[in-house]
file protein19.tsv (TSV, C-alpha atoms and all ligand atoms)
chain	number	residue	atom	x	y	z
B	6	MET	CA	0.00	0.00	0.00
B	7	LYS	CA	2.35	2.68	-1.27
B	8	VAL	CA	-0.45	5.27	-1.14
B	9	TYR	CA	-0.82	4.68	2.59
B	10	LEU	CA	2.92	4.81	3.25
B	11	ASP	CA	3.10	8.03	1.20
B	12	LEU	CA	0.50	9.56	3.51
B	13	LEU	CA	2.54	8.59	6.58
B	14	ARG	CA	5.64	10.16	4.95
B	15	ASP	CA	3.65	13.29	4.09
B	16	ILE	CA	2.43	13.70	7.68
B	17	MET	CA	5.89	13.11	9.17
B	18	ALA	CA	7.52	15.55	6.70
B	19	HIS	CA	4.90	18.30	6.43
B	20	GLY	CA	2.76	17.93	9.53
B	21	VAL	CA	2.33	20.53	12.24
B	22	ASP	CA	2.81	19.41	15.83
B	23	LYS	CA	-0.50	20.00	17.59
B	24	SER	CA	-2.01	19.28	20.97
B	25	ASP	CA	-5.12	17.11	20.97
B	26	ARG	CA	-8.07	16.10	23.12
B	27	THR	CA	-6.34	12.99	24.46
B	28	GLY	CA	-3.29	14.94	25.69
B	29	THR	CA	-0.93	12.72	23.66
B	30	GLY	CA	0.12	15.23	21.00
B	31	THR	CA	0.00	14.65	17.25
B	32	ARG	CA	1.68	15.63	14.01
B	33	SER	CA	-1.05	16.54	11.61
B	34	VAL	CA	-1.91	17.65	8.08
B	35	PHE	CA	-5.33	18.65	6.80
B	36	ALA	CA	-7.32	17.19	3.94
B	37	ARG	CA	-5.69	14.33	2.07
B	38	GLN	CA	-7.03	11.70	-0.33
B	39	PHE	CA	-5.82	8.37	-1.64
B	40	ARG	CA	-7.36	5.65	-3.79
B	41	HIS	CA	-6.95	1.95	-4.40
B	42	ASP	CA	-8.33	-0.20	-7.20
B	43	LEU	CA	-9.80	-3.34	-5.63
B	44	SER	CA	-8.92	-5.39	-8.72
B	45	GLU	CA	-5.30	-5.01	-7.55
B	46	GLY	CA	-5.93	-6.85	-4.30
B	47	PHE	CA	-7.51	-6.43	-0.90
B	48	PRO	CA	-6.08	-3.35	0.86
B	49	LEU	CA	-4.90	-4.91	4.09
B	50	LEU	CA	-1.51	-3.48	5.08
B	51	THR	CA	1.46	-5.75	4.58
B	52	THR	CA	4.00	-3.49	6.32
B	53	LYS	CA	2.53	-4.60	9.64
B	54	LYS	CA	0.28	-7.52	10.43
B	55	LEU	CA	-3.33	-6.47	10.97
B	56	HIS	CA	-5.89	-8.39	12.97
B	57	PHE	CA	-8.43	-8.92	10.17
B	58	LYS	CA	-10.80	-10.60	12.61
B	59	SER	CA	-11.19	-7.35	14.56
B	60	ILE	CA	-11.79	-5.41	11.37
B	61	ALA	CA	-14.36	-7.82	9.90
B	62	ASN	CA	-16.20	-8.35	13.16
B	63	GLU	CA	-16.34	-4.63	13.86
B	64	LEU	CA	-17.99	-4.10	10.46
B	65	ILE	CA	-20.44	-6.97	11.02
B	66	TRP	CA	-21.22	-5.42	14.42
B	67	PHE	CA	-21.90	-2.01	12.85
B	68	LEU	CA	-24.18	-3.66	10.30
B	69	ARG	CA	-26.05	-5.46	13.10
B	70	GLY	CA	-26.88	-2.00	14.43
B	71	ASP	CA	-25.19	-3.06	17.64
B	72	THR	CA	-23.64	-0.46	19.96
B	73	ASN	CA	-22.77	-2.66	22.94
B	74	THR	CA	-19.37	-4.33	23.24
B	75	ALA	CA	-20.81	-7.67	24.48
B	76	TRP	CA	-21.09	-9.15	20.96
B	77	LEU	CA	-17.62	-7.86	20.03
B	78	ARG	CA	-16.11	-9.43	23.15
B	79	GLU	CA	-17.85	-12.75	22.44
B	80	ASN	CA	-16.21	-12.58	19.03
B	81	GLY	CA	-12.71	-11.80	20.25
B	82	VAL	CA	-12.67	-8.04	19.63
B	83	SER	CA	-11.59	-5.61	22.34
B	84	ILE	CA	-10.91	-2.42	20.35
B	85	TRP	CA	-13.96	-0.57	21.74
B	86	ASP	CA	-13.60	-1.52	25.40
B	87	GLU	CA	-11.91	1.68	26.60
B	88	TRP	CA	-14.87	3.85	25.60
B	89	ALA	CA	-17.70	1.67	26.88
B	90	THR	CA	-19.58	1.81	30.18
B	91	GLU	CA	-19.35	-1.11	32.59
B	92	GLU	CA	-22.41	-2.53	30.85
B	93	GLY	CA	-20.60	-2.33	27.52
B	94	ASP	CA	-22.70	0.54	26.15
B	95	LEU	CA	-21.30	3.06	23.70
B	96	GLY	CA	-24.40	5.17	23.09
B	97	PRO	CA	-25.89	5.73	19.63
B	98	ILE	CA	-22.62	5.39	17.68
B	99	TYR	CA	-22.15	4.08	14.13
B	100	GLY	CA	-24.41	1.02	14.14
B	101	ALA	CA	-27.34	2.93	15.59
B	102	GLN	CA	-27.12	5.69	12.99
B	103	TRP	CA	-26.51	3.31	10.07
B	104	ARG	CA	-29.38	0.99	10.85
B	105	SER	CA	-31.86	3.18	12.70
B	106	TRP	CA	-31.30	6.91	12.35
B	107	PRO	CA	-34.04	8.26	14.64
B	108	THR	CA	-36.76	10.40	13.08
B	109	ALA	CA	-38.76	13.24	14.63
B	110	ASP	CA	-41.93	11.13	14.73
B	111	GLY	CA	-40.33	8.37	16.80
B	112	GLY	CA	-39.49	6.13	13.85
B	113	ALA	CA	-36.13	5.12	12.43
B	114	ILE	CA	-34.49	5.08	9.02
B	115	ASN	CA	-32.33	2.17	7.88
B	116	GLN	CA	-29.68	3.90	5.78
B	117	ILE	CA	-28.08	0.60	4.71
B	118	ASP	CA	-31.35	-0.66	3.22
B	119	TYR	CA	-31.57	2.63	1.34
B	120	VAL	CA	-28.07	2.17	-0.12
B	121	ILE	CA	-28.81	-1.43	-1.17
B	122	ASP	CA	-32.08	-0.36	-2.75
B	123	CYS	CA	-30.31	2.39	-4.72
B	124	LEU	CA	-27.53	0.05	-5.87
B	125	LYS	CA	-30.08	-2.47	-7.12
B	126	HIS	CA	-32.64	-0.15	-8.64
B	127	LYS	CA	-31.04	3.30	-9.17
B	128	PRO	CA	-27.31	2.70	-9.64
B	129	ASP	CA	-26.88	6.01	-11.49
B	130	SER	CA	-28.20	7.98	-8.53
B	131	ARG	CA	-25.89	10.63	-7.14
B	132	ARG	CA	-27.48	10.19	-3.73
B	133	ILE	CA	-26.18	6.76	-2.77
B	134	LEU	CA	-24.69	7.46	0.63
B	135	PHE	CA	-25.08	6.99	4.33
B	136	HIS	CA	-23.97	9.27	7.13
B	137	GLY	CA	-23.06	8.90	10.80
B	138	TRP	CA	-22.87	12.53	11.96
B	139	ASN	CA	-26.17	12.85	13.79
B	140	VAL	CA	-25.64	16.16	15.59
B	141	GLU	CA	-28.35	15.55	18.18
B	142	TYR	CA	-26.31	12.73	19.72
B	143	LEU	CA	-22.79	14.14	19.58
B	144	PRO	CA	-21.01	13.94	22.93
B	145	ASP	CA	-20.08	16.85	25.18
B	146	GLU	CA	-16.28	17.02	25.00
B	147	THR	CA	-15.99	18.14	28.64
B	148	LEU	CA	-17.48	14.83	29.84
B	149	SER	CA	-16.00	11.34	29.69
B	150	PRO	CA	-17.23	8.88	27.03
B	151	GLN	CA	-19.04	6.91	29.74
B	152	GLU	CA	-20.79	10.01	31.16
B	153	ASN	CA	-21.92	10.93	27.67
B	154	VAL	CA	-23.32	7.44	27.13
B	155	ARG	CA	-25.25	7.67	30.41
B	156	GLN	CA	-26.82	10.88	29.08
B	157	GLY	CA	-27.91	9.18	25.87
B	158	LYS	CA	-25.06	10.58	23.76
B	159	MET	CA	-22.39	8.85	21.69
B	160	ALA	CA	-19.22	7.78	23.52
B	161	LEU	CA	-17.20	9.33	20.67
B	162	PRO	CA	-18.36	11.34	17.67
B	163	PRO	CA	-18.01	9.33	14.46
B	164	CYS	CA	-14.65	9.55	12.71
B	165	HIS	CA	-15.59	7.66	9.54
B	166	LEU	CA	-18.65	9.68	8.66
B	167	LEU	CA	-19.82	9.70	5.14
B	168	TYR	CA	-19.86	6.69	2.81
B	169	GLN	CA	-20.76	7.45	-0.79
B	170	PHE	CA	-21.12	4.89	-3.57
B	171	TYR	CA	-20.83	5.18	-7.34
B	172	VAL	CA	-21.59	2.66	-10.06
B	173	ALA	CA	-20.12	2.82	-13.57
B	174	ASN	CA	-19.72	-0.02	-16.09
B	175	GLY	CA	-21.02	-2.47	-13.51
B	176	ARG	CA	-18.28	-1.58	-11.02
B	177	LEU	CA	-18.96	-0.23	-7.56
B	178	SER	CA	-16.66	2.39	-6.08
B	179	ALA	CA	-16.83	3.83	-2.59
B	180	GLN	CA	-15.51	7.01	-1.06
B	181	LEU	CA	-15.26	7.46	2.70
B	182	TYR	CA	-14.79	10.77	4.47
B	183	ILE	CA	-12.91	10.49	7.77
B	184	ARG	CA	-12.98	13.77	9.72
B	185	SER	CA	-10.19	12.73	12.12
B	186	SER	CA	-7.79	9.96	11.23
B	187	ASP	CA	-5.40	8.17	13.60
B	188	SER	CA	-3.19	7.27	10.68
B	189	PHE	CA	-1.13	4.56	12.39
B	190	LEU	CA	-3.88	2.64	14.23
B	191	GLY	CA	-7.32	3.66	12.95
B	192	LEU	CA	-6.75	4.33	9.26
B	193	PRO	CA	-5.61	0.78	8.33
B	194	TYR	CA	-8.84	-0.45	9.94
B	195	ASN	CA	-10.97	2.13	8.17
B	196	LEU	CA	-9.45	1.30	4.77
B	197	ALA	CA	-9.85	-2.47	5.10
B	198	SER	CA	-13.36	-2.05	6.50
B	199	LEU	CA	-14.40	0.16	3.57
B	200	ALA	CA	-13.00	-2.40	1.14
B	201	LEU	CA	-14.78	-5.26	2.88
B	202	LEU	CA	-18.09	-3.39	2.90
B	203	THR	CA	-17.65	-2.66	-0.81
B	204	HIS	CA	-17.05	-6.36	-1.56
B	205	MET	CA	-20.13	-7.32	0.46
B	206	LEU	CA	-22.30	-4.75	-1.34
B	207	CYS	CA	-20.96	-6.01	-4.68
B	208	GLN	CA	-21.91	-9.56	-3.82
B	209	GLN	CA	-25.38	-8.54	-2.65
B	210	CYS	CA	-26.07	-6.24	-5.61
B	211	GLU	CA	-24.32	-8.19	-8.37
B	212	LEU	CA	-21.66	-5.60	-9.09
B	213	GLU	CA	-17.91	-5.83	-9.51
B	214	PRO	CA	-15.57	-4.08	-7.06
B	215	GLY	CA	-14.18	-0.78	-8.37
B	216	GLU	CA	-12.08	1.68	-6.40
B	217	VAL	CA	-12.03	2.67	-2.76
B	218	ILE	CA	-11.16	6.28	-2.03
B	219	ILE	CA	-10.38	7.67	1.40
B	220	SER	CA	-10.59	11.38	2.09
B	221	THR	CA	-9.33	12.54	5.45
B	222	GLY	CA	-9.76	15.78	7.40
B	223	ASP	CA	-7.36	16.03	10.36
B	224	SER	CA	-4.87	13.35	9.33
B	225	HIS	CA	-2.55	12.76	12.27
B	226	ILE	CA	0.10	10.53	13.74
B	227	TYR	CA	0.20	10.43	17.54
B	228	SER	CA	3.61	11.32	18.98
B	229	ASN	CA	3.83	7.91	20.68
B	230	HIS	CA	3.52	6.25	17.23
B	231	PHE	CA	6.43	8.06	15.52
B	232	GLU	CA	8.88	5.23	16.13
B	233	GLN	CA	6.42	2.61	14.91
B	234	VAL	CA	5.78	4.68	11.78
B	235	GLU	CA	9.52	4.93	11.07
B	236	THR	CA	9.81	1.14	11.41
B	237	GLN	CA	6.95	0.67	9.01
B	238	LEU	CA	8.44	3.07	6.48
B	239	GLU	CA	11.65	1.05	6.43
B	240	ARG	CA	9.77	-2.08	5.37
B	241	GLU	CA	9.19	-3.17	1.79
B	242	PRO	CA	5.48	-3.59	0.98
B	243	ARG	CA	4.53	-7.12	-0.12
B	244	ALA	CA	1.89	-8.40	-2.53
B	245	LEU	CA	-1.64	-7.71	-1.32
B	246	PRO	CA	-3.89	-10.61	-0.36
B	247	THR	CA	-7.13	-11.33	-2.16
B	248	LEU	CA	-10.50	-11.69	-0.48
B	249	ARG	CA	-12.68	-14.72	-1.09
B	250	ILE	CA	-16.27	-14.74	0.16
B	251	LYS	CA	-17.20	-18.37	0.62
B	252	ARG	CA	-20.98	-18.13	0.31
B	253	LYS	CA	-23.63	-15.57	-0.56
B	254	PRO	CA	-25.56	-14.75	2.61
B	255	GLU	CA	-29.22	-13.85	2.29
B	256	SER	CA	-28.66	-10.19	3.04
B	257	ILE	CA	-25.96	-7.68	3.98
B	258	TYR	CA	-26.89	-8.36	7.62
B	259	ASP	CA	-26.17	-12.10	7.49
B	260	TYR	CA	-22.40	-12.24	7.04
B	261	CYS	CA	-20.18	-13.83	9.67
B	262	PHE	CA	-16.41	-13.81	10.01
B	263	ASP	CA	-16.07	-17.37	8.69
B	264	ASP	CA	-17.58	-16.30	5.37
B	265	PHE	CA	-14.34	-14.50	4.56
B	266	GLU	CA	-11.03	-15.93	3.54
B	267	LEU	CA	-7.90	-13.92	2.92
B	268	VAL	CA	-5.73	-15.62	0.36
B	269	GLY	CA	-2.01	-14.85	0.35
B	270	TYR	CA	-1.74	-12.51	3.35
B	271	GLU	CA	1.95	-12.59	4.27
B	272	PRO	CA	2.62	-9.37	6.14
B	273	HIS	CA	5.64	-8.14	8.07
B	274	ALA	CA	5.35	-8.60	11.84
B	275	HIS	CA	2.75	-6.74	13.90
B	276	ILE	CA	3.87	-3.39	15.38
B	277	ALA	CA	2.21	-2.57	18.67
B	278	GLY	CA	1.14	0.99	19.49
B	279	ALA	CA	-0.89	2.37	22.38
B	280	VAL	CA	-4.31	3.75	21.49
B	281	ALA	CA	-4.98	7.34	22.61
B	282	ILE	CA	-8.15	7.51	24.69
K	1	LIG	N1	-7.19	7.09	19.21
K	1	LIG	C1	-8.10	6.33	18.61
K	1	LIG	N2	-7.78	5.73	17.44
K	1	LIG	C2	-8.68	4.94	16.80
K	1	LIG	O1	-8.33	4.42	15.73
K	1	LIG	C3	-9.95	4.75	17.39
K	1	LIG	C4	-10.25	5.38	18.60
K	1	LIG	N3	-9.32	6.16	19.19
K	1	LIG	N4	-11.46	5.23	19.21
K	1	LIG	C5	-12.52	4.47	18.63
K	1	LIG	C6	-12.09	3.49	17.61
K	1	LIG	C7	-11.58	2.18	18.10
K	1	LIG	N5	-10.61	1.83	17.03
K	1	LIG	C8	-9.45	1.13	17.31
K	1	LIG	C9	-9.03	0.95	18.62
K	1	LIG	C10	-7.87	0.25	18.88
K	1	LIG	C11	-7.13	-0.29	17.84
K	1	LIG	C12	-5.90	-1.09	18.16
K	1	LIG	O2	-5.36	-1.00	19.25
K	1	LIG	N6	-5.45	-1.93	17.23
K	1	LIG	C13	-4.27	-2.79	17.42
K	1	LIG	C14	-4.68	-4.23	17.59
K	1	LIG	C15	-5.71	-4.46	18.63
K	1	LIG	C16	-6.59	-5.68	18.37
K	1	LIG	O3	-6.86	-6.04	17.23
K	1	LIG	O4	-7.05	-6.27	19.36
K	1	LIG	C17	-3.41	-2.72	16.15
K	1	LIG	O5	-2.21	-2.95	16.29
K	1	LIG	O6	-3.96	-2.48	15.07
K	1	LIG	C18	-7.55	-0.11	16.53
K	1	LIG	C19	-8.71	0.59	16.27
K	1	LIG	C20	-10.64	2.82	16.01
K	1	LIG	N7	-10.96	3.95	16.81
K	2	LIG	O1	-12.58	4.68	13.01
K	2	LIG	C1	-11.87	5.47	13.63
K	2	LIG	C2	-12.23	5.94	14.89
K	2	LIG	C3	-11.43	6.79	15.53
K	2	LIG	N1	-10.29	7.24	14.95
K	2	LIG	C4	-9.41	8.17	15.72
K	2	LIG	C5	-9.20	9.55	15.22
K	2	LIG	C6	-8.78	10.31	16.47
K	2	LIG	O2	-7.39	10.03	16.71
K	2	LIG	C7	-9.62	9.63	17.55
K	2	LIG	C8	-10.90	10.37	17.83
K	2	LIG	O3	-10.65	11.57	18.51
K	2	LIG	P1	-11.42	12.93	18.17
K	2	LIG	O4	-10.88	13.92	19.17
K	2	LIG	O5	-12.87	12.68	18.34
K	2	LIG	O6	-11.07	13.31	16.76
K	2	LIG	O7	-9.94	8.36	17.03
K	2	LIG	C9	-9.92	6.78	13.70
K	2	LIG	O8	-8.86	7.15	13.16
K	2	LIG	N2	-10.73	5.93	13.07
call {"tool": "encode", "arguments": {"input": "protein19.tsv", "output": "structure tokens"}}
result
Amino acid sequence: MKVYLDLLRDIMAHGVDKSDRTGTGTRSVFARQFRHDLSEGFPLLTTKKLHFKSIANELIWFLRGDTNTAWLRENGVSIWDEWATEEGDLGPIYGAQWRSWPTADGGAINQIDYVIDCLKHKPDSRRILFHGWNVEYLPDETLSPQENVRQGKMALPPCHLLYQFYVANGRLSAQLYIRSSDSFLGLPYNLASLALLTHMLCQQCELEPGEVIISTGDSHIYSNHFEQVETQLEREPRALPTLRIKRKPESIYDYCFDDFELVGYEPHAHIAGAVAI
């Protein structure tokens, strides 16, 4: 993933050192974009080993509309634990907004159903998107994630916000806007997750995978990840794996981790880095 490594180089070389909410400190640039053609392989980093199980299960969990960590924990994923209440609640984060964006009359809108319907019946639409930034439920930054959840707010405001889809010549492309991007830890997850979602939508809607495009707002590297980033930049990228989906589930909501197989994933060793809370 040269495009990803180029972004890391760009941030290290041109970034401004800024303070941040977590008190860690970041080096940051604003507004970047990179793209990857899915016919060239599945965009899972090879310059460090990624835990694909966490990535796939997090996406399945979002699609379930789930916002409690219990299901994630049962499925071996701990990446959301630090922000959850003792009961595992995270407030109305991603899954809630994707699957049941609340309406003024007490109803809910399933934005994923809307996207699938567009892809099947109106693929030329310029309105094929879903959004997570529901301002009514954004947290109060002066309170902890857990206090926000207890007040009915999100534990964290969404980072990967806006997913837009585009069909041309039977190929589905997807662009994701990430307002704030932890480029060492979060971004590799966001990229692989976007690619996986695109593959799933292709299978469900009988389309071929096109490009994935990531556009980032505040694109940062935390100061306690600089060393890890340097290590990664010294490594030679390897061939990307390919994704095989072993069966066609009945709907986008029926995938499980075992449906996916990564063929030829031979990354460099994992590089640990602390997550800023
Ligand atoms: N600072 C920060 N960065 C993020 O990327 C992030 C947040 N906060 N808060 C909410 C979610 C949770 N996400 C996370 C949280 C932790 C890891 C992480 O520690 N990943 C390790 C492996 C951990 C594992 O798979 O169990 C890694 O090396 O990738 C990744 C994404 C993405 N988000
Ligand atoms: O999917 C995700 C979720 C979170 N992040 C990162 C981006 C920031 O480093 C933090 C969120 O802090 P804010 O102060 O709310 O921006 O989490 C990510 O990169 N990807």
call {"tool": "atom_distance", "arguments": {"input": "protein19.tsv", "atom1": "atom C3 of ligand LIG 1 (chain K)", "atom2": "CA of Ser224 (chain B)"}}
result
12.8 Å
call {"tool": "closest_residue", "arguments": {"input": "protein19.tsv", "among": "B:Asp129, B:Glu235, B:Glu271, B:Glu146", "to": "ligand LIG 2 (chain K)", "atoms": "all atoms listed in the file"}}
result
B:Glu146
call {"tool": "residues_around", "arguments": {"input": "protein19.tsv", "residues": "Gln116 (chain B)", "least_positions_apart": "6", "cutoff": "12 Å", "atoms": "all atoms listed in the file", "output": "ChimeraX atom specification"}}
result
/B:68,70,99-107,122-123,132-137,167-169
call {"tool": "atom_distance", "arguments": {"input": "protein19.tsv", "atom1": "CA of His225 (chain B)", "atom2": "CA of Asp187 (chain B)"}}
result
5.6 Å
call {"tool": "atom_distance", "arguments": {"input": "protein19.tsv", "atom1": "atom P1 of ligand LIG 2 (chain K)", "atom2": "CA of Gly111 (chain B)"}}
result
29.3 Å
call {"tool": "residues_near_ligand", "arguments": {"input": "protein19.tsv", "ligand": "ligand LIG 2 (chain K)", "cutoff": "7 Å", "atoms": "all atoms listed in the file", "output": "PDB file with C-alpha atoms, keeping the file's coordinate frame"}}
result
ATOM      1  CA  ASP B  25      -5.120  17.110  20.970  1.00  0.00           C
ATOM      2  CA  ARG B  26      -8.070  16.100  23.120  1.00  0.00           C
ATOM      3  CA  LEU B 161     -17.200   9.330  20.670  1.00  0.00           C
ATOM      4  CA  PRO B 162     -18.360  11.340  17.670  1.00  0.00           C
ATOM      5  CA  PRO B 163     -18.010   9.330  14.460  1.00  0.00           C
ATOM      6  CA  CYS B 164     -14.650   9.550  12.710  1.00  0.00           C
ATOM      7  CA  HIS B 165     -15.590   7.660   9.540  1.00  0.00           C
ATOM      8  CA  SER B 185     -10.190  12.730  12.120  1.00  0.00           C
ATOM      9  CA  SER B 186      -7.790   9.960  11.230  1.00  0.00           C
ATOM     10  CA  ASP B 187      -5.400   8.170  13.600  1.00  0.00           C
ATOM     11  CA  SER B 188      -3.190   7.270  10.680  1.00  0.00           C
ATOM     12  CA  LEU B 190      -3.880   2.640  14.230  1.00  0.00           C
ATOM     13  CA  GLY B 191      -7.320   3.660  12.950  1.00  0.00           C
ATOM     14  CA  LEU B 192      -6.750   4.330   9.260  1.00  0.00           C
ATOM     15  CA  ASN B 195     -10.970   2.130   8.170  1.00  0.00           C
ATOM     16  CA  ALA B 281      -4.980   7.340  22.610  1.00  0.00           C
TER      17      ALA B 281
END
call {"tool": "closest_residue", "arguments": {"input": "protein19.tsv", "among": "B:Leu124, B:Val140, B:Cys207, B:Leu49", "to": "ligand LIG 1 (chain K)", "atoms": "all atoms listed in the file"}}
result
B:Leu49
call {"tool": "closest_residue", "arguments": {"input": "protein19.tsv", "among": "B:Pro150, B:Pro246, B:Gly157, B:Gly278", "to": "ligand LIG 1 (chain K)", "atoms": "all atoms listed in the file"}}
result
B:Gly278
call {"tool": "residues_near_ligand", "arguments": {"input": "protein19.tsv", "ligand": "ligand LIG 1 (chain K)", "cutoff": "7 Å", "atoms": "all atoms listed in the file", "output": "PyMOL selection string"}}
result
chain B and resi 55-56+59+82-85+187+190-192+194+275-282
call {"tool": "residues_around", "arguments": {"input": "protein19.tsv", "residues": "Ala61 (chain B)", "least_positions_apart": "3", "cutoff": "10 Å", "atoms": "all atoms listed in the file", "output": "PyMOL selection string"}}
result
chain B and resi 56-58+64-67+82+194+197-198+201-202+260-263+265
call {"tool": "closest_residue", "arguments": {"input": "protein19.tsv", "among": "B:Ile117, B:Ile226, B:Ala18, B:Ala160", "to": "Leu95 (chain B)", "atoms": "only C-alpha atoms"}}
result
B:Ala160
call {"tool": "closest_residue", "arguments": {"input": "protein19.tsv", "among": "B:Gly112, B:Gly215, B:Gly222, B:Gly96", "to": "Gln156 (chain B)", "atoms": "only C-alpha atoms"}}
result
B:Gly96
call {"tool": "residues_around", "arguments": {"input": "protein19.tsv", "residues": "Gly269 (chain B)", "least_positions_apart": "5", "cutoff": "12 Å", "atoms": "all atoms listed in the file", "output": "mmCIF file with C-alpha atoms, in the coordinates of the input"}}
result
data_model
loop_
_atom_site.group_PDB
_atom_site.id
_atom_site.type_symbol
_atom_site.label_atom_id
_atom_site.label_comp_id
_atom_site.auth_asym_id
_atom_site.auth_seq_id
_atom_site.Cartn_x
_atom_site.Cartn_y
_atom_site.Cartn_z
ATOM 1 C CA GLY B 46 -5.930 -6.850 -4.300
ATOM 2 C CA PHE B 47 -7.510 -6.430 -0.900
ATOM 3 C CA LEU B 49 -4.900 -4.910 4.090
ATOM 4 C CA THR B 51 1.460 -5.750 4.580
ATOM 5 C CA ARG B 243 4.530 -7.120 -0.120
ATOM 6 C CA ALA B 244 1.890 -8.400 -2.530
ATOM 7 C CA LEU B 245 -1.640 -7.710 -1.320
ATOM 8 C CA PRO B 246 -3.890 -10.610 -0.360
ATOM 9 C CA THR B 247 -7.130 -11.330 -2.160
ATOM 10 C CA LEU B 248 -10.500 -11.690 -0.480
ATOM 11 C CA ARG B 249 -12.680 -14.720 -1.090
#
call {"tool": "residues_around", "arguments": {"input": "protein19.tsv", "residues": "region 33-45 of chain B", "least_positions_apart": "2", "cutoff": "7 Å", "atoms": "only C-alpha atoms", "output": "count of residues only"}}
result
21
call {"tool": "closest_residue", "arguments": {"input": "protein19.tsv", "among": "B:Glu266, B:Glu152, B:Glu63, B:Asp15", "to": "Glu79 (chain B)", "atoms": "all atoms listed in the file"}}
result
B:Glu63
call {"tool": "axis_aligned_box", "arguments": {"input": "protein19.tsv", "around": "region 39-55 of chain B", "padding_each_side": "8 Å", "output": "AutoDock Vina command-line options"}}
result
--center_x -2.9 --center_y 0.4 --center_z 1.1 --size_x 29.8 --size_y 31.9 --size_z 35.7
